[in-house]
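Trainee: The file below is model08.txt, compact mmCIF, C-alpha atoms:
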# COMPACT_ATOMS: atom_id res chain seq x y z
CA MET A 1 73.41 -63.47 69.15
CA SER A 2 75.90 -66.32 69.44
CA VAL A 3 76.35 -68.88 72.12
CA ARG A 4 79.79 -70.19 72.85
CA ARG A 5 80.16 -73.89 73.52
CA SER A 6 83.35 -75.70 74.02
CA GLY A 7 85.36 -73.37 72.00
CA ARG A 8 83.02 -73.14 69.11
CA THR A 9 80.52 -70.50 68.33
CA ALA A 10 77.05 -71.75 67.52
CA ALA A 11 74.51 -69.80 65.62
CA ALA A 12 71.38 -68.68 67.36
CA PRO A 13 68.37 -70.81 66.61
CA ARG A 14 66.28 -69.45 63.75
CA ALA A 15 62.75 -68.35 64.18
CA LYS A 16 60.23 -70.51 62.37
CA ALA A 17 58.76 -69.09 59.20
CA PRO A 18 55.01 -68.75 59.35
CA GLU A 19 53.17 -71.50 57.51
CA ARG A 20 51.84 -70.61 54.11
CA SER A 21 48.15 -70.84 53.84
CA ARG A 22 46.86 -72.92 50.95
CA ALA A 23 43.59 -72.38 49.23
CA ARG A 24 41.34 -75.01 50.51
CA ARG A 25 39.00 -76.85 48.32
CA PRO A 26 35.77 -77.82 49.81
CA PRO A 27 35.51 -81.51 50.31
CA PRO A 28 33.96 -83.39 47.40
CA SER A 29 30.83 -84.07 49.31
CA SER A 30 30.17 -80.35 49.86
CA ARG A 31 30.59 -79.35 46.15
CA ARG A 32 27.29 -78.80 44.40
CA ALA A 33 26.56 -79.22 40.75
CA ALA A 34 25.12 -76.13 39.08
CA PRO A 35 21.39 -76.37 38.82
CA SER A 36 20.21 -77.30 35.32
CA GLY A 37 18.35 -73.96 35.11
CA ASP A 38 21.69 -72.10 35.36
CA LEU A 39 23.20 -74.20 32.54
CA ARG A 40 20.21 -73.50 30.32
CA ALA A 41 20.51 -69.78 30.99
CA VAL A 42 24.23 -69.83 30.14
CA GLU A 43 23.61 -71.83 26.96
CA SER A 44 20.78 -69.49 25.97
CA ALA A 45 23.00 -66.46 26.58
CA ARG A 46 25.74 -68.06 24.50
CA ARG A 47 23.33 -68.74 21.63
CA GLY A 48 22.09 -65.16 21.84
CA LEU A 49 25.67 -63.90 21.70
CA ASP A 50 26.42 -66.10 18.67
CA GLU A 51 23.26 -64.88 16.89
CA ALA A 52 24.11 -61.25 17.68
CA SER A 53 27.67 -61.76 16.41
CA GLU A 54 26.41 -63.29 13.17
CA SER A 55 23.86 -60.50 12.76
CA LEU A 56 26.59 -57.89 13.30
CA ARG A 57 28.88 -59.62 10.80
CA ALA A 58 26.10 -59.71 8.19
CA ALA A 59 25.26 -56.04 8.79
CA ALA A 60 28.95 -55.09 8.46
CA ALA A 61 29.21 -57.03 5.17
CA GLU A 62 26.07 -55.34 3.85
CA LEU A 63 27.43 -51.93 4.88
CA ALA A 64 30.69 -52.67 3.06
CA GLN A 65 28.72 -53.56 -0.09
CA VAL A 66 26.74 -50.32 0.14
CA ALA A 67 29.97 -48.34 0.58
CA ASP A 68 31.49 -50.11 -2.45
CA ARG A 69 28.41 -49.28 -4.57
CA ILE A 70 28.52 -45.63 -3.49
CA ALA A 71 32.22 -45.44 -4.38
CA ALA A 72 31.64 -47.10 -7.78
CA GLU A 73 28.73 -44.75 -8.55
CA ALA A 74 30.80 -41.72 -7.54
CA LEU A 75 33.66 -42.87 -9.75
CA GLU A 76 31.31 -43.49 -12.68
CA THR A 77 29.70 -40.06 -12.20
CA GLU A 78 33.12 -38.39 -12.23
CA ARG A 79 34.21 -40.32 -15.33
CA ALA A 80 30.98 -39.41 -17.14
CA SER A 81 31.45 -35.75 -16.18
CA LEU A 82 35.07 -35.70 -17.40
CA ALA A 83 34.11 -37.42 -20.66
CA ALA A 84 31.27 -34.97 -21.30
CA GLU A 85 33.52 -32.01 -20.55
CA LEU A 86 36.31 -33.23 -22.85
CA ALA A 87 33.79 -33.77 -25.63
CA SER A 88 31.79 -30.57 -25.20
CA GLU A 89 34.90 -28.39 -24.97
CA GLN A 90 36.01 -29.99 -28.25
CA VAL A 91 39.31 -31.09 -26.67
CA LEU A 92 38.97 -34.56 -28.16
CA ARG A 93 38.11 -33.13 -31.59
CA ASP A 94 41.23 -30.97 -31.49
CA VAL A 95 43.42 -33.88 -30.38
CA LEU A 96 42.03 -35.96 -33.25
CA LYS A 97 42.76 -33.13 -35.72
CA LEU A 98 46.29 -32.85 -34.36
CA GLN A 99 46.75 -36.60 -34.81
CA ARG A 100 45.60 -36.39 -38.43
CA ALA A 101 47.91 -33.44 -39.12
CA LEU A 102 50.91 -35.23 -37.60
CA ASP A 103 50.07 -38.43 -39.49
CA ALA A 104 49.84 -36.48 -42.77
CA ALA A 105 53.37 -35.09 -42.36
CA ALA A 106 56.15 -37.46 -43.39
CA THR A 107 58.46 -38.58 -40.60
CA GLY A 108 61.41 -36.25 -40.24
CA THR A 109 59.79 -33.28 -42.03
CA LEU A 110 58.66 -31.57 -38.83
CA PRO A 111 60.90 -29.74 -36.32
CA ALA A 112 62.47 -32.07 -33.74
CA ASP A 113 60.32 -30.69 -30.91
CA ILE A 114 57.15 -31.47 -32.87
CA GLU A 115 58.41 -34.91 -34.02
CA ALA A 116 58.85 -35.81 -30.35
CA LEU A 117 55.11 -35.24 -29.88
CA ARG A 118 54.02 -37.40 -32.80
CA LYS A 119 52.62 -40.17 -30.56
CA LEU A 120 50.97 -37.86 -28.00
CA PRO A 121 47.54 -37.48 -29.66
CA ALA A 122 47.13 -41.25 -30.02
CA ALA A 123 48.14 -41.71 -26.38
CA ILE A 124 45.58 -39.13 -25.21
CA LEU A 125 42.80 -40.70 -27.28
CA ASP A 126 43.75 -44.16 -26.04
CA TRP A 127 43.70 -42.88 -22.43
CA ALA A 128 40.27 -41.29 -22.97
CA GLN A 129 38.96 -44.59 -24.29
CA ARG A 130 40.49 -46.81 -21.58
CA ARG A 131 39.83 -44.58 -18.57
CA LEU A 132 36.67 -42.73 -19.57
CA GLY A 133 35.11 -44.97 -22.20
CA VAL A 134 35.05 -42.17 -24.81
CA THR A 135 35.35 -43.15 -28.46
CA ALA A 136 35.06 -41.34 -31.77
CA HIS A 137 31.59 -41.76 -33.27
CA LEU A 138 31.87 -42.24 -37.04
CA ALA A 139 34.97 -41.24 -38.99
CA ALA A 140 35.43 -38.10 -41.03
CA GLY A 141 35.02 -38.83 -44.74
CA GLN A 142 32.77 -41.83 -44.11
CA GLU A 143 29.56 -41.89 -46.19
CA LEU A 144 26.31 -43.43 -44.99
CA GLU A 145 22.81 -43.93 -46.31
CA ILE A 146 20.26 -43.20 -43.64
CA PRO A 147 16.53 -42.55 -43.45
CA ALA A 148 15.57 -38.88 -43.15
CA ASP A 149 14.01 -39.46 -39.73
CA ARG A 150 17.42 -40.43 -38.30
CA LEU A 151 19.08 -37.11 -39.16
CA ALA A 152 18.42 -35.88 -35.61
CA GLY A 153 21.50 -37.86 -34.58
CA PHE A 154 23.76 -35.60 -36.68
CA ALA A 155 24.78 -31.97 -36.68
CA LEU A 156 23.90 -31.14 -40.28
CA GLU A 157 25.70 -28.68 -42.49
CA GLY A 158 23.49 -27.22 -45.20
CA THR A 159 19.78 -27.53 -45.75
CA LEU A 160 17.57 -30.54 -45.41
CA PRO A 161 15.94 -31.57 -48.70
CA ALA A 162 12.14 -31.65 -48.81
CA GLY A 163 10.47 -35.01 -48.46
CA GLY A 164 11.65 -38.13 -46.72
CA GLY A 165 13.33 -41.15 -48.10
CA LEU A 166 16.88 -42.37 -47.94
CA LEU A 167 19.67 -39.79 -47.71
CA ARG A 168 23.35 -40.15 -48.39
CA VAL A 169 25.46 -38.19 -45.87
CA ARG A 170 29.18 -37.65 -45.59
CA ILE A 171 30.71 -37.29 -42.12
CA VAL A 172 32.59 -33.99 -41.94
CA ALA A 173 33.80 -34.36 -38.35
CA SER A 174 33.62 -37.30 -35.96
CA GLY A 175 31.28 -37.16 -33.03
CA TRP A 176 32.05 -38.58 -29.59
CA ARG A 177 30.23 -41.10 -27.51
CA ARG A 178 30.57 -42.91 -24.24
CA GLY A 179 29.02 -46.34 -24.41
CA THR A 180 25.68 -45.89 -26.16
CA ARG A 181 25.32 -42.22 -25.15
CA VAL A 182 26.32 -39.73 -27.84
CA LEU A 183 28.19 -36.84 -26.20
CA VAL A 184 28.76 -34.85 -29.39
CA PRO A 185 26.90 -35.79 -32.57
CA PRO A 186 29.01 -36.15 -35.71
CA ARG A 187 28.87 -33.28 -38.18
CA ALA A 188 27.55 -34.37 -41.53
CA MET A 189 26.53 -32.93 -44.87
CA ILE A 190 23.92 -34.33 -47.20
CA VAL A 191 25.45 -35.61 -50.40
CA SER A 192 22.31 -36.87 -52.17
CA SER A 193 18.75 -37.98 -51.59
CA ARG A 194 16.60 -40.72 -53.14
In structure tokens, write the structure found in this file.
Mentor:
Amino acid sequence: MSVRRSGRTAAAPRAKAPERSRARRPPPSSRRAAPSGDLRAVESARRGLDEASESLRAAAAELAQVADRIAAEALETERASLAAELASEQVLRDVLKLQRALDAAATGTLPADIEALRKLPAAILDWAQRRLGVTAHLAAGQELEIPADRLAGFALEGTLPAGGGLLRVRIVASGWRRGTRVLVPPRAMIVSSR
């Protein structure tokens, strides 16, 4: 609504905005310090929380170590199983024979498809050694002198001479081992006895 005064129009007076209420602080004299018992309880609760957090962190770290050990043992078990299977199925023996046959043939004398595979046996044997820890145990053609009581570590061809003593054996085929464990004993024949 407008009011007209001496030729001019004046705006109607505005209504006053309500006053904003402010949060009131109690006067300094009415503020109370927390009792010392409450501070001790808060500090004790804080220490308990810190101890519980540290205990939880230590338990989590221990659990992670246990999980890592389980994983490492599972991996080792699988590697040992694969190594034993490769050895017992004579796959490694056959790969070694193939390597010898390819090495015996002069380069360029084999068909091109076979020449392309010349390095494959060595790569497979290298993989078996690096990944599974399997190595050939004694080389074919190698001769050894061993006591008769150690012949149990060989697959013997032929008959065992009577009596003990030192025996000379020739390795006919390599065996296979993983670390100190013999997976397949080497095949050997007795050459002579003393």
Trainee: Would you mind listing, for every residue of range 40-119 of chain A within 9 Å of range 180-187 of chain A, the two atoms forming the shortest contact and the distance between them in Å to one decimal, using only C-alpha atoms, sorted by chain and ascending residue number, as a tab-separated table?
Mentor:
residue	atom	partner	partner_atom	distance
A:Ala83	CA	A:Leu183	CA	8.1
A:Ala84	CA	A:Leu183	CA	6.1
A:Ala87	CA	A:Val184	CA	6.4
A:Ser88	CA	A:Val184	CA	6.7
A:Gln90	CA	A:Val184	CA	8.8
Trainee: Got a sec: who's within 10 Å of range 126-134 of chain A, counting all atoms listed in the file, leaving out chain neighbours fewer than 3 positions off, as a list in words?
Mentor: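 These residues fall inside the cut-off: Glu76, Glu78, Arg79, Ala80, Ser81, Leu82, Ala83, Ala84, Leu86, Ala87, Leu92, Leu120, Pro121, Ala122, Ala123, His137, Trp176, Arg177, Arg178, Gly179, Arg181, Val182 and Leu183 of chain A.
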Trainee: Residues within 9 Å of Leu138 in chain A, please, as a list in words. Count all atoms listed in the file; anything in the same chain fewer than 4 positions from it doesn't count.
Mentor: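 In the requested form, the answer reads Gln142, Ile171, Ala173, Ser174, Gly175, Trp176 and Pro186 of chain A.
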Trainee: Between CA of Arg93 in chain A and CA of Ala136 in chain A, what is the distance in Å, rounded to a tenth?
Mentor: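 These atoms are spaced 8.8 Å apart.
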Trainee: Provide the CA of Asp103 in chain A to CA of Ala140 in chain A distance in Å, to one decimal place.
Mentor: 14.7 Å
Trainee: Grab the CA of Ala67 in chain A to CA of Ser53 in chain A distance for me, in Å with one decimal place.
Mentor: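 Straight-line distance from CA of Ala67 in chain A to CA of Ser53 in chain A works out to 20.9 Å.
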